[in-house]
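**Student:** Data file coords_25.pdb (PDB, C-alpha atoms) is appended below.
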```pdb
MODEL        1
ATOM      1  CA  MET L   1      -8.566 -38.649  54.731
ATOM      2  CA  GLU L   2      -5.444 -38.293  52.589
ATOM      3  CA  SER L   3      -5.582 -36.207  49.405
ATOM      4  CA  PRO L   4      -4.614 -38.061  46.218
ATOM      5  CA  ALA L   5      -0.977 -37.702  45.178
ATOM      6  CA  PRO L   6      -0.416 -35.274  42.289
ATOM      7  CA  ARG L   7       0.039 -36.922  38.912
ATOM      8  CA  ALA L   8       3.612 -37.072  37.704
ATOM      9  CA  ARG L   9       4.397 -34.645  34.875
ATOM     10  CA  CYS L  10       5.455 -36.247  31.599
ATOM     11  CA  PRO L  11       7.919 -34.047  29.703
ATOM     12  CA  LEU L  12       7.246 -35.879  26.443
ATOM     13  CA  GLN L  13       3.501 -35.309  26.680
ATOM     14  CA  GLU L  14       4.065 -31.626  27.556
ATOM     15  CA  GLN L  15       6.332 -31.218  24.513
ATOM     16  CA  ARG L  16       3.728 -32.828  22.280
ATOM     17  CA  ALA L  17       1.052 -30.525  23.690
ATOM     18  CA  ARG L  18       3.238 -27.478  22.946
ATOM     19  CA  TRP L  19       3.825 -28.727  19.403
ATOM     20  CA  GLU L  20       0.103 -29.170  18.884
ATOM     21  CA  ARG L  21      -0.726 -25.675  20.182
ATOM     22  CA  LYS L  22       1.914 -24.034  17.994
ATOM     23  CA  ARG L  23       0.920 -26.145  14.995
ATOM     24  CA  ALA L  24      -2.770 -25.271  15.409
ATOM     25  CA  CYS L  25      -1.949 -21.558  15.744
ATOM     26  CA  THR L  26       0.337 -21.583  12.677
ATOM     27  CA  ALA L  27      -2.156 -23.580  10.612
ATOM     28  CA  ARG L  28      -4.919 -21.128  11.472
ATOM     29  CA  GLU L  29      -2.750 -18.155  10.502
ATOM     30  CA  LEU L  30      -1.732 -19.826   7.225
ATOM     31  CA  LEU L  31      -5.373 -20.499   6.333
ATOM     32  CA  GLU L  32      -6.646 -17.021   7.238
ATOM     33  CA  THR L  33      -3.846 -15.209   5.415
ATOM     34  CA  GLU L  34      -4.211 -17.455   2.357
ATOM     35  CA  ARG L  35      -7.901 -16.530   2.148
ATOM     36  CA  ARG L  36      -7.018 -12.834   2.144
ATOM     37  CA  TYR L  37      -4.170 -13.371  -0.336
ATOM     38  CA  GLU L  38      -6.376 -15.345  -2.732
ATOM     39  CA  GLU L  39      -9.040 -12.643  -2.492
ATOM     40  CA  GLN L  40      -6.556  -9.861  -3.376
ATOM     41  CA  LEU L  41      -5.076 -11.886  -6.239
ATOM     42  CA  GLY L  42      -8.602 -12.370  -7.534
ATOM     43  CA  LEU L  43      -9.368  -8.652  -7.411
ATOM     44  CA  VAL L  44      -6.375  -7.826  -9.602
ATOM     45  CA  ALA L  45      -7.043 -10.780 -11.923
ATOM     46  CA  THR L  46     -10.703  -9.774 -12.376
ATOM     47  CA  TYR L  47     -10.709  -5.976 -12.349
ATOM     48  CA  PHE L  48      -7.343  -5.351 -13.987
ATOM     49  CA  VAL L  49      -5.979  -8.307 -15.978
ATOM     50  CA  GLY L  50      -9.322  -9.618 -17.212
ATOM     51  CA  ILE L  51     -10.899  -6.275 -18.085
ATOM     52  CA  LEU L  52      -7.699  -4.952 -19.696
ATOM     53  CA  ARG L  53      -7.657  -8.059 -21.890
ATOM     54  CA  ALA L  54     -11.349  -7.651 -22.816
ATOM     55  CA  LYS L  55     -11.122  -3.899 -23.511
ATOM     56  CA  GLY L  56      -7.750  -4.023 -25.250
ATOM     57  CA  THR L  57      -6.541  -1.000 -23.264
ATOM     58  CA  LEU L  58      -3.033  -2.482 -23.197
ATOM     59  CA  ARG L  59      -1.433  -4.516 -25.946
ATOM     60  CA  PRO L  60      -0.643  -8.148 -24.927
ATOM     61  CA  PRO L  61       3.143  -7.556 -24.570
ATOM     62  CA  GLU L  62       2.538  -4.569 -22.270
ATOM     63  CA  ARG L  63      -0.056  -6.478 -20.257
ATOM     64  CA  GLN L  64       2.328  -9.412 -19.863
ATOM     65  CA  ALA L  65       5.155  -7.075 -18.846
ATOM     66  CA  LEU L  66       2.928  -5.458 -16.215
ATOM     67  CA  PHE L  67       1.392  -8.544 -14.595
ATOM     68  CA  GLY L  68       3.689 -11.448 -15.513
ATOM     69  CA  PRO L  69       2.257 -14.847 -14.461
ATOM     70  CA  TRP L  70      -0.341 -13.242 -12.131
ATOM     71  CA  GLU L  71      -3.292 -15.371 -13.246
ATOM     72  CA  LEU L  72      -1.295 -18.606 -12.884
ATOM     73  CA  ILE L  73      -0.271 -17.568  -9.353
ATOM     74  CA  TYR L  74      -3.939 -16.859  -8.604
ATOM     75  CA  GLY L  75      -4.898 -20.344  -9.835
ATOM     76  CA  ALA L  76      -2.206 -21.947  -7.660
ATOM     77  CA  SER L  77      -3.521 -20.085  -4.604
ATOM     78  CA  GLN L  78      -7.095 -21.205  -5.312
ATOM     79  CA  GLU L  79      -5.936 -24.816  -5.524
ATOM     80  CA  LEU L  80      -3.896 -24.549  -2.309
ATOM     81  CA  LEU L  81      -6.752 -22.893  -0.430
ATOM     82  CA  THR L  82      -9.083 -25.799  -1.252
ATOM     83  CA  TYR L  83      -6.678 -28.229   0.448
ATOM     84  CA  LEU L  84      -6.052 -25.953   3.450
ATOM     85  CA  GLU L  85      -9.765 -25.491   4.093
ATOM     86  CA  GLY L  86     -10.115 -29.281   4.101
ATOM     87  CA  GLY L  87      -7.298 -29.625   6.647
ATOM     88  CA  HIS L  88      -4.976 -31.386   4.167
ATOM     89  CA  TRP L  89      -1.877 -29.356   5.007
ATOM     90  CA  GLY L  90       0.844 -31.717   3.811
ATOM     91  CA  GLN L  91      -0.910 -32.790   0.623
ATOM     92  CA  GLY L  92      -1.870 -29.213  -0.252
ATOM     93  CA  LEU L  93       1.574 -27.704   0.293
ATOM     94  CA  GLU L  94       3.367 -30.533  -1.464
ATOM     95  CA  GLY L  95       1.061 -30.066  -4.458
ATOM     96  CA  PHE L  96       1.711 -26.318  -4.337
ATOM     97  CA  CYS L  97       5.508 -26.664  -4.653
ATOM     98  CA  PRO L  98       5.611 -27.250  -8.455
ATOM     99  CA  HIS L  99       4.036 -23.777  -8.775
ATOM    100  CA  LEU L 100       6.960 -22.105  -6.944
ATOM    101  CA  GLU L 101       8.712 -21.520 -10.276
ATOM    102  CA  LEU L 102       5.977 -18.948 -10.983
ATOM    103  CA  TYR L 103       7.297 -16.863  -8.078
ATOM    104  CA  THR L 104      10.823 -16.948  -9.522
ATOM    105  CA  GLN L 105       9.431 -15.792 -12.879
ATOM    106  CA  PHE L 106       7.447 -13.077 -11.122
ATOM    107  CA  ALA L 107      10.584 -11.845  -9.308
ATOM    108  CA  ASP L 108      12.538 -11.793 -12.583
ATOM    109  CA  ASN L 109       9.827  -9.575 -14.054
ATOM    110  CA  ALA L 110       9.319  -7.296 -11.005
ATOM    111  CA  GLU L 111      11.522  -4.415 -12.148
ATOM    112  CA  ARG L 112      10.073  -4.525 -15.661
ATOM    113  CA  SER L 113       6.566  -4.542 -14.170
ATOM    114  CA  GLN L 114       7.126  -1.355 -12.159
ATOM    115  CA  THR L 115       8.770   0.357 -15.147
ATOM    116  CA  THR L 116       5.859  -0.605 -17.414
ATOM    117  CA  LEU L 117       3.307   0.696 -14.908
ATOM    118  CA  GLN L 118       5.030   4.082 -14.613
ATOM    119  CA  GLU L 119       5.473   4.385 -18.394
ATOM    120  CA  GLN L 120       1.843   3.556 -19.160
ATOM    121  CA  LEU L 121       0.514   5.883 -16.444
ATOM    122  CA  LYS L 122       2.633   8.668 -17.885
ATOM    123  CA  LYS L 123       1.898   8.265 -21.581
ATOM    124  CA  SER L 124      -1.640   6.790 -21.756
ATOM    125  CA  LYS L 125      -4.524   8.934 -20.561
ATOM    126  CA  ARG L 126      -6.914   6.062 -21.230
ATOM    127  CA  PHE L 127      -4.920   3.657 -19.027
ATOM    128  CA  ARG L 128      -4.495   6.289 -16.315
ATOM    129  CA  ARG L 129      -8.267   6.854 -16.177
ATOM    130  CA  PHE L 130      -8.925   3.090 -16.132
ATOM    131  CA  VAL L 131      -6.546   2.516 -13.203
ATOM    132  CA  ARG L 132      -8.102   5.347 -11.183
ATOM    133  CA  LEU L 133     -11.582   3.956 -11.811
ATOM    134  CA  GLN L 134     -10.663   0.432 -10.715
ATOM    135  CA  GLU L 135      -8.725   1.583  -7.642
ATOM    136  CA  GLY L 136     -11.821   3.546  -6.567
ATOM    137  CA  ARG L 137     -13.893   0.371  -6.255
ATOM    138  CA  PRO L 138     -14.857  -0.380  -2.626
ATOM    139  CA  GLU L 139     -13.457  -3.916  -2.949
ATOM    140  CA  PHE L 140      -9.920  -2.500  -3.046
ATOM    141  CA  GLY L 141     -10.285  -0.666   0.266
ATOM    142  CA  GLY L 142      -8.163   2.277  -0.857
ATOM    143  CA  LEU L 143      -5.273   0.128  -2.129
ATOM    144  CA  HIS L 144      -3.562   1.184  -5.348
ATOM    145  CA  LEU L 145      -2.368  -1.104  -8.126
ATOM    146  CA  GLN L 146       1.208  -0.161  -7.280
ATOM    147  CA  ASP L 147       0.628  -1.428  -3.712
ATOM    148  CA  LEU L 148      -0.780  -4.738  -4.963
ATOM    149  CA  LEU L 149       1.823  -5.631  -7.590
ATOM    150  CA  PRO L 150       4.486  -6.799  -5.042
ATOM    151  CA  LEU L 151       1.879  -9.006  -3.299
ATOM    152  CA  PRO L 152       3.170 -12.422  -4.532
ATOM    153  CA  LEU L 153       6.739 -11.675  -3.418
ATOM    154  CA  GLN L 154       5.513 -10.543   0.008
ATOM    155  CA  ARG L 155       3.405 -13.694   0.270
ATOM    156  CA  LEU L 156       6.385 -15.909  -0.559
ATOM    157  CA  GLN L 157       8.170 -14.547   2.532
ATOM    158  CA  GLN L 158       5.077 -15.347   4.602
ATOM    159  CA  TYR L 159       4.936 -18.856   3.129
ATOM    160  CA  GLU L 160       8.519 -19.459   4.230
ATOM    161  CA  THR L 161       7.885 -18.299   7.811
ATOM    162  CA  LEU L 162       4.587 -20.136   8.245
ATOM    163  CA  VAL L 163       5.384 -23.416   6.457
ATOM    164  CA  VAL L 164       8.744 -23.784   8.217
ATOM    165  CA  ALA L 165       6.981 -23.202  11.575
ATOM    166  CA  LEU L 166       4.251 -25.687  10.609
ATOM    167  CA  ALA L 167       6.829 -28.354   9.722
ATOM    168  CA  GLU L 168       8.877 -27.751  12.878
ATOM    169  CA  ASN L 169       5.812 -28.115  15.111
ATOM    170  CA  THR L 170       4.486 -31.247  13.424
ATOM    171  CA  SER L 171       5.331 -34.509  15.183
ATOM    172  CA  PRO L 172       7.747 -36.741  13.249
ATOM    173  CA  ASN L 173       5.166 -39.497  13.628
ATOM    174  CA  SER L 174       2.498 -37.416  11.865
ATOM    175  CA  PRO L 175       1.523 -38.751   8.397
ATOM    176  CA  ASP L 176       2.169 -35.342   6.752
ATOM    177  CA  HIS L 177       5.487 -34.595   8.481
ATOM    178  CA  GLN L 178       7.616 -35.583   5.481
ATOM    179  CA  GLN L 179       5.394 -33.652   3.065
ATOM    180  CA  LEU L 180       5.574 -30.499   5.206
ATOM    181  CA  THR L 181       9.343 -30.804   5.697
ATOM    182  CA  ARG L 182       9.860 -31.184   1.950
ATOM    183  CA  ALA L 183       7.558 -28.228   1.218
ATOM    184  CA  ALA L 184       9.336 -26.047   3.793
ATOM    185  CA  ARG L 185      12.718 -26.817   2.199
ATOM    186  CA  LEU L 186      11.531 -26.081  -1.354
ATOM    187  CA  ILE L 187       9.802 -22.839  -0.319
ATOM    188  CA  SER L 188      12.927 -21.679   1.556
ATOM    189  CA  GLU L 189      15.110 -22.418  -1.478
ATOM    190  CA  THR L 190      12.736 -20.466  -3.739
ATOM    191  CA  SER L 191      12.637 -17.576  -1.276
ATOM    192  CA  GLN L 192      16.444 -17.434  -1.306
ATOM    193  CA  ARG L 193      16.518 -17.404  -5.130
ATOM    194  CA  VAL L 194      13.945 -14.611  -5.201
ATOM    195  CA  HIS L 195      15.956 -12.636  -2.627
ATOM    196  CA  THR L 196      19.071 -12.984  -4.821
ATOM    197  CA  ILE L 197      17.128 -11.760  -7.863
ATOM    198  CA  GLY L 198      15.883  -8.743  -5.876
ATOM    199  CA  GLN L 199      19.402  -7.890  -4.696
ATOM    200  CA  LYS L 200      20.704  -8.090  -8.275
ATOM    201  CA  GLN L 201      17.929  -5.783  -9.515
ATOM    202  CA  LYS L 202      18.650  -3.224  -6.772
ATOM    203  CA  ASN L 203      22.357  -3.350  -7.582
ATOM    204  CA  ASP L 204      21.664  -2.784 -11.285
ATOM    205  CA  GLN L 205      19.557   0.267 -10.347
ATOM    206  CA  HIS L 206      22.444   1.652  -8.241
ATOM    207  CA  LEU L 207      24.923   1.105 -11.074
ATOM    208  CA  ARG L 208      22.712   2.890 -13.606
ATOM    209  CA  ARG L 209      22.160   5.772 -11.167
ATOM    210  CA  VAL L 210      25.886   6.187 -10.530
ATOM    211  CA  GLN L 211      26.680   5.884 -14.245
ATOM    212  CA  ALA L 212      24.257   8.762 -14.931
ATOM    213  CA  LEU L 213      26.040  10.916 -12.323
ATOM    214  CA  LEU L 214      29.488  10.459 -13.847
ATOM    215  CA  SER L 215      31.257  11.720 -16.942
ATOM    216  CA  GLY L 216      34.728  11.243 -18.295
ATOM    217  CA  ARG L 217      36.521   8.446 -20.140
ATOM    218  CA  ARG L 218      37.390   6.519 -16.976
ATOM    219  CA  ALA L 219      33.753   6.364 -15.877
ATOM    220  CA  LYS L 220      32.545   4.450 -18.942
ATOM    221  CA  GLY L 221      31.417   0.839 -18.604
ATOM    222  CA  LEU L 222      30.613   0.930 -14.891
ATOM    223  CA  THR L 223      27.530  -1.228 -15.357
ATOM    224  CA  SER L 224      29.389  -4.031 -17.132
ATOM    225  CA  GLY L 225      30.515  -7.307 -15.588
ATOM    226  CA  SER L 226      29.602  -8.607 -12.132
ATOM    227  CA  ARG L 227      30.329  -5.375 -10.257
ATOM    228  CA  TRP L 228      28.425  -4.608  -7.045
ATOM    229  CA  PHE L 229      27.790  -1.140  -5.642
ATOM    230  CA  LEU L 230      28.717  -0.862  -1.953
ATOM    231  CA  HIS L 231      28.840   2.757  -0.776
ATOM    232  CA  GLN L 232      29.207   6.401  -1.792
ATOM    233  CA  GLY L 233      29.830   9.685  -0.033
ATOM    234  CA  TRP L 234      32.062  12.716   0.485
ATOM    235  CA  LEU L 235      35.522  12.301   2.007
ATOM    236  CA  LEU L 236      38.413  14.723   2.432
ATOM    237  CA  VAL L 237      41.595  13.811   0.532
ATOM    238  CA  VAL L 238      44.584  14.815   2.679
ATOM    239  CA  PRO L 239      47.594  15.751   0.446
ATOM    240  CA  PRO L 240      51.246  15.671   1.616
ATOM    241  CA  ARG L 241      51.106  19.471   1.664
ATOM    242  CA  GLY L 242      48.237  21.917   1.639
ATOM    243  CA  GLU L 243      44.600  21.775   2.675
ATOM    244  CA  PRO L 244      42.355  18.664   2.472
ATOM    245  CA  ARG L 245      40.170  18.583  -0.653
ATOM    246  CA  PRO L 246      36.594  17.284  -0.644
ATOM    247  CA  ARG L 247      35.944  14.522  -3.175
ATOM    248  CA  MET L 248      33.014  12.238  -3.913
ATOM    249  CA  PHE L 249      33.888   8.543  -3.696
ATOM    250  CA  PHE L 250      31.952   5.621  -5.147
ATOM    251  CA  LEU L 251      32.919   2.191  -3.838
ATOM    252  CA  PHE L 252      32.227  -0.963  -5.830
ATOM    253  CA  SER L 253      33.160  -4.548  -5.130
ATOM    254  CA  ASP L 254      36.274  -4.269  -7.326
ATOM    255  CA  VAL L 255      37.190  -0.566  -7.579
ATOM    256  CA  LEU L 256      37.099   2.705  -5.669
ATOM    257  CA  LEU L 257      36.223   5.685  -7.863
ATOM    258  CA  MET L 258      37.215   9.240  -6.942
ATOM    259  CA  ALA L 259      35.335  12.129  -8.558
ATOM    260  CA  LYS L 260      34.928  15.868  -8.238
ATOM    261  CA  ARG L 261      31.820  17.929  -8.862
ATOM    262  CA  ARG L 262      31.510  19.593 -12.237
ATOM    263  CA  PRO L 263      31.683  23.414 -12.110
ATOM    264  CA  PRO L 264      28.290  25.179 -12.255
ATOM    265  CA  LEU L 265      29.229  26.596 -15.677
ATOM    266  CA  TYR L 266      28.358  23.222 -17.227
ATOM    267  CA  LEU L 267      24.603  23.745 -17.224
ATOM    268  CA  LEU L 268      23.863  20.585 -19.215
ATOM    269  CA  HIS L 269      25.761  18.486 -16.656
ATOM    270  CA  SER L 270      24.547  20.176 -13.478
ATOM    271  CA  GLY L 271      24.830  17.926 -10.434
ATOM    272  CA  THR L 272      27.192  15.458 -12.132
ATOM    273  CA  PHE L 273      30.780  14.472 -11.356
ATOM    274  CA  VAL L 274      33.987  14.028 -13.320
ATOM    275  CA  CYS L 275      35.829  10.774 -12.675
ATOM    276  CA  GLN L 276      39.408  11.525 -11.563
ATOM    277  CA  ALA L 277      40.770   8.118 -10.634
ATOM    278  CA  LEU L 278      39.940   4.411 -10.315
ATOM    279  CA  TYR L 279      41.692   2.359  -7.647
ATOM    280  CA  PRO L 280      41.644  -1.490  -7.861
ATOM    281  CA  MET L 281      40.569  -2.984  -4.538
ATOM    282  CA  ALA L 282      42.511  -6.195  -5.182
ATOM    283  CA  GLN L 283      45.732  -4.165  -4.741
ATOM    284  CA  CYS L 284      44.569  -2.117  -1.728
ATOM    285  CA  GLN L 285      45.972  -2.218   1.798
ATOM    286  CA  LEU L 286      43.730  -0.480   4.330
ATOM    287  CA  HIS L 287      44.646   0.952   7.732
ATOM    288  CA  LYS L 288      43.024   3.246  10.284
ATOM    289  CA  VAL L 289      45.432   6.069  11.051
ATOM    290  CA  PHE L 290      43.172   7.363  13.785
ATOM    291  CA  GLY L 291      39.511   6.989  14.609
ATOM    292  CA  HIS L 292      39.728   3.875  16.826
ATOM    293  CA  SER L 293      38.254   5.386  19.960
ATOM    294  CA  GLY L 294      34.684   5.808  18.765
ATOM    295  CA  GLY L 295      34.709   9.496  19.667
ATOM    296  CA  PRO L 296      32.755  12.193  17.828
ATOM    297  CA  CYS L 297      35.722  13.742  15.984
ATOM    298  CA  GLY L 298      35.918  11.416  12.974
ATOM    299  CA  GLY L 299      39.160   9.878  11.775
ATOM    300  CA  LEU L 300      41.621   9.125   8.991
ATOM    301  CA  LEU L 301      41.967   6.087   6.707
ATOM    302  CA  SER L 302      45.111   5.110   4.822
ATOM    303  CA  LEU L 303      44.701   3.279   1.497
ATOM    304  CA  SER L 304      47.933   2.018  -0.084
ATOM    305  CA  PHE L 305      48.164   0.963  -3.742
ATOM    306  CA  PRO L 306      51.295  -0.112  -5.670
ATOM    307  CA  HIS L 307      51.892   3.369  -7.128
ATOM    308  CA  GLU L 308      49.914   5.676  -4.868
ATOM    309  CA  LYS L 309      48.794   6.243  -1.307
ATOM    310  CA  LEU L 310      45.542   7.921  -0.270
ATOM    311  CA  LEU L 311      44.784   9.525   3.067
ATOM    312  CA  LEU L 312      41.021   9.943   3.441
ATOM    313  CA  MET L 313      39.482  11.888   6.299
ATOM    314  CA  SER L 314      35.941  12.185   7.642
ATOM    315  CA  THR L 315      34.760  14.369  10.499
ATOM    316  CA  ASP L 316      31.871  11.941  11.132
ATOM    317  CA  GLN L 317      32.951   8.896  13.168
ATOM    318  CA  GLU L 318      29.941   6.811  12.152
ATOM    319  CA  GLU L 319      30.496   7.548   8.468
ATOM    320  CA  LEU L 320      34.194   6.713   8.819
ATOM    321  CA  LEU L 321      33.323   3.321  10.323
ATOM    322  CA  HIS L 322      30.852   2.701   7.492
ATOM    323  CA  TRP L 323      33.600   3.401   4.978
ATOM    324  CA  TYR L 324      36.091   1.199   6.836
ATOM    325  CA  HIS L 325      33.734  -1.792   6.910
ATOM    326  CA  SER L 326      32.696  -1.311   3.260
ATOM    327  CA  LEU L 327      36.315  -1.051   2.099
ATOM    328  CA  THR L 328      37.248  -4.134   4.149
ATOM    329  CA  LEU L 329      34.374  -6.029   2.500
ATOM    330  CA  ALA L 330      35.506  -4.992  -0.999
ATOM    331  CA  ILE L 331      39.123  -5.962  -0.344
ATOM    332  CA  SER L 332      38.224  -9.353   1.119
ATOM    333  CA  SER L 333      35.816 -10.107  -1.753
ATOM    334  CA  GLN L 334      38.622  -9.531  -4.266
ATOM    335  CA  LYS L 335      41.123 -11.679  -2.346
ATOM    336  CA  ASN L 336      38.592 -14.502  -2.041
TER
ENDMDL
END
```
Could you render the structure as structure tokens?
**Tutor:**
Amino acid sequence: MESPAPRARCPLQEQRARWERKRACTARELLETERRYEEQLGLVATYFVGILRAKGTLRPPERQALFGPWELIYGASQELLTYLEGGHWGQGLEGFCPHLELYTQFADNAERSQTTLQEQLKKSKRFRRFVRLQEGRPEFGGLHLQDLLPLPLQRLQQYETLVVALAENTSPNSPDHQQLTRAARLISETSQRVHTIGQKQKNDQHLRRVQALLSGRRAKGLTSGSRWFLHQGWLLVVPPRGEPRPRMFFLFSDVLLMAKRRPPLYLLHSGTFVCQALYPMAQCQLHKVFGHSGGPCGGLLSLSFPHEKLLLMSTDQEELLHWYHSLTLAISSQKN
């Protein structure tokens, strides 16, 4: 008796089966993580925002600076979760997209929020005691308010990963394919805007830090304009004659700043630097004199400007390469 012939494999059906498995797995992860996210948002909204409002521990401007649109984000998550639990993925996510502006507002306020938290913890004994009491509740599982404040921005990154995967693994013939694709695009665009805001805030922090380290007339106004901080570190300046001199260099998108450490006699300015020169990167020509081989002995960079030439040496090959790439980036950004 002959055995039945094996059934022919259908690539299209196998692809659809893979899509369904991935979609089901992604949908389950989105639902489970949204439940946890909504729960944590609710804890902060109830035990911090709500009680602080009722007790008057913080004035309204300080409370707004600390939490931003937290309660509105919590409401949006509650609404989304209702749809997800009913299996209405496309409808729920499409309805969630108008609330994405809240995440942009939250990102804009993130630096101010952290500053407000640190200021209030430092100056208000009453607020400090309140925060400790709330963080000690078993519902928080040992998490601190400082750990929970970045939660919406972390969740936005998860939304992007999960919703894009959900859209990609939904059949084009599915009734919610267009809704999911639209939601994935809008969430990705918001995530990119939030990332840009975060990068700008970090850059502003770097500029303020460097400004505080420097003194001298040439160092004034570093934080103005659209300047970006790129790199800093010690390099040896090689003169035409004599021994190399160590100098601290600060590289920005448009200028290279050379500074030397203030003498220890200046007690009020201990640990600061005096600006010696500013070099415009738009006029810079950069060359490696040596340091091409990738060996451990460092190398030498030549920087040519219209009225001056710098020879900068590092004994650390990795650091030299970092400087070379950062300088190349600054020069190209000015030419573009």
**Student:** Distance CA of Leu145 (chain L)-CA of Gln205 (chain L), one decimal place?
**Tutor:**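 Distance between the two atoms: 22.1 Å.
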**Student:** Out of L:Ser314, L:Gln192, L:Gln179, L:Asn336, which residue has the shortest atom-to-atom distance to Arg245 (chain L) when counting only C-alpha atoms?
**Tutor:**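 Closest to Arg245 (chain L), using only C-alpha atoms: L:Ser314.
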**Student:** Hey, what comes out of the PyMOL selection byres ((chain L and resi 333) around 12) on this file? Could you write it as number ranges by chain?
**Tutor:** L: 227-228, 230, 252-255, 281-284, 326-332, 334-336
**Student:** What lies within 7 Å of Lys22 (chain L) using all atoms listed in the file, ignoring chain neighbours under 4 positions off, as a ChimeraX atom specification?
**Tutor:** /L:18,26,169
**Student:** Could you dump the residues just selected with C-alpha atoms as a PDB file, in the coordinates of the input?
**Tutor:**
```pdb
ATOM      1  CA  ARG L  18       3.238 -27.478  22.946  1.00  0.00           C
ATOM      2  CA  THR L  26       0.337 -21.583  12.677  1.00  0.00           C
ATOM      3  CA  ASN L 169       5.812 -28.115  15.111  1.00  0.00           C
TER       4      ASN L 169
END
```
**Student:** Between CA of Leu31 (chain L) and CA of Gln91 (chain L), measure the distance and give it in Å to one decimal.
**Tutor:**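 Here the two named atoms are 14.3 Å from each other.
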**Student:** Please list as a VMD selection string every residue within 9 Å of Met313 (chain L), counting all atoms listed in the file and excluding residues in the same chain fewer than 5 positions away.
**Tutor:** chain L and resid 235 to 238 244 298 to 302 320
**Student:** CA of Val274 (chain L) and CA of Val210 (chain L), how far apart in Å?
**Tutor:**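 If I compute the distance from CA of Val210 (chain L) to CA of Val274 (chain L), I get 11.6 Å.
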**Student:** Determine the nearest neighbour of Leu311 (chain L) from the options L:Pro263, L:Pro246, L:Pro280, L:Gly87, counting all atoms listed in the file.
**Tutor:**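 Nearest to Leu311 (chain L): L:Pro246.
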**Student:** Around the point (1.4, -30.1, 5.3) (coordinates from the file), which residues reach within 7 Å if we count only C-alpha atoms? Answer as a PDB file with C-alpha atoms, in the coordinates of the input.
**Tutor:**
```
ATOM      1  CA  HIS L  88      -4.976 -31.386   4.167  1.00  0.00           C
ATOM      2  CA  TRP L  89      -1.877 -29.356   5.007  1.00  0.00           C
ATOM      3  CA  GLY L  90       0.844 -31.717   3.811  1.00  0.00           C
ATOM      4  CA  GLN L  91      -0.910 -32.790   0.623  1.00  0.00           C
ATOM      5  CA  GLY L  92      -1.870 -29.213  -0.252  1.00  0.00           C
ATOM      6  CA  LEU L  93       1.574 -27.704   0.293  1.00  0.00           C
ATOM      7  CA  ASP L 176       2.169 -35.342   6.752  1.00  0.00           C
ATOM      8  CA  HIS L 177       5.487 -34.595   8.481  1.00  0.00           C
ATOM      9  CA  GLN L 179       5.394 -33.652   3.065  1.00  0.00           C
ATOM     10  CA  LEU L 180       5.574 -30.499   5.206  1.00  0.00           C
TER      11      LEU L 180
END
```
**Student:** With distances taken over only C-alpha atoms, which of L:Tyr103, L:Arg129, L:Gly271, L:Ala54 is nearest to Arg193 (chain L)?
**Tutor:**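 Using only C-alpha atoms, the shortest distance to Arg193 (chain L) belongs to L:Tyr103.
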**Student:** For the structure shown, which residues end up in the PyMOL selection byres ((chain L and resi 159-161) around 9)? Put them as JSON, numbers by chain, please?
**Tutor:** {"L": [30, 154, 155, 156, 157, 158, 162, 163, 164, 165, 166, 184, 185, 187, 188, 191]}
**Student:** Set the distance at 9 Å and use only C-alpha atoms: which residues neighbour Asn109 (chain L) once local chain neighbours fewer than 2 positions away are removed? I'd like the list as a list in words.
**Tutor:**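 So, after excluding close chain neighbours, the residues are Ala65, Leu66, Phe67, Gly68, Thr104, Gln105, Phe106, Ala107, Glu111, Arg112, Ser113 and Gln114 of chain L.
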**Student:** Those same residues - C-alpha atoms - I'd like them written as a PDB file, in the frame of the given file.
**Tutor:**
```pdb
ATOM      1  CA  ALA L  65       5.155  -7.075 -18.846  1.00  0.00           C
ATOM      2  CA  LEU L  66       2.928  -5.458 -16.215  1.00  0.00           C
ATOM      3  CA  PHE L  67       1.392  -8.544 -14.595  1.00  0.00           C
ATOM      4  CA  GLY L  68       3.689 -11.448 -15.513  1.00  0.00           C
ATOM      5  CA  THR L 104      10.823 -16.948  -9.522  1.00  0.00           C
ATOM      6  CA  GLN L 105       9.431 -15.792 -12.879  1.00  0.00           C
ATOM      7  CA  PHE L 106       7.447 -13.077 -11.122  1.00  0.00           C
ATOM      8  CA  ALA L 107      10.584 -11.845  -9.308  1.00  0.00           C
ATOM      9  CA  GLU L 111      11.522  -4.415 -12.148  1.00  0.00           C
ATOM     10  CA  ARG L 112      10.073  -4.525 -15.661  1.00  0.00           C
ATOM     11  CA  SER L 113       6.566  -4.542 -14.170  1.00  0.00           C
ATOM     12  CA  GLN L 114       7.126  -1.355 -12.159  1.00  0.00           C
TER      13      GLN L 114
END
```
**Student:** Quick one: which residues end up in the PyMOL selection byres ((chain L and resi 209) around 12) for this structure, as a list of chain:residue names?
**Tutor:** L:Lys202, L:Asn203, L:Asp204, L:Gln205, L:His206, L:Leu207, L:Arg208, L:Val210, L:Gln211, L:Ala212, L:Leu213, L:Leu214, L:Leu222, L:Thr223, L:Phe229, L:Gln232, L:Phe250, L:Thr272
**Student:** What box, with edges along x, y and z, holds each listed atom of region 193-212 of chain L when 5 Å is added on every side, and can you state its centre and edge lengths in Å to one decimal, as AutoDock Vina command-line options?
**Tutor:**
```
--center_x 20.3 --center_y -4.3 --center_z -8.8 --size_x 22.7 --size_y 36.2 --size_z 22.3
```
**Student:** For each of L:Gly142, L:Ala76, L:Ala24, L:His325, take the minimum atom-to-atom distance to His231 (chain L), counting all atoms listed in the file, then give the residue where this is smallest.
**Tutor:**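 The shortest atom-to-atom distance to His231 (chain L) comes from L:His325.
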**Student:** Which of these, L:Thr170, L:Ser124, L:Ile197, L:Cys275, has the shortest distance to Arg21 (chain L) once you count all atoms listed in the file?
**Tutor:**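 The shortest atom-to-atom distance to Arg21 (chain L) comes from L:Thr170.
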**Student:** Hey, which of L:Phe130, L:Phe96, L:Phe249, L:Trp70 ends up closest to Leu278 (chain L)? Count all atoms listed in the file.
**Tutor:**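 Smallest separation from Leu278 (chain L) among the options: L:Phe249.
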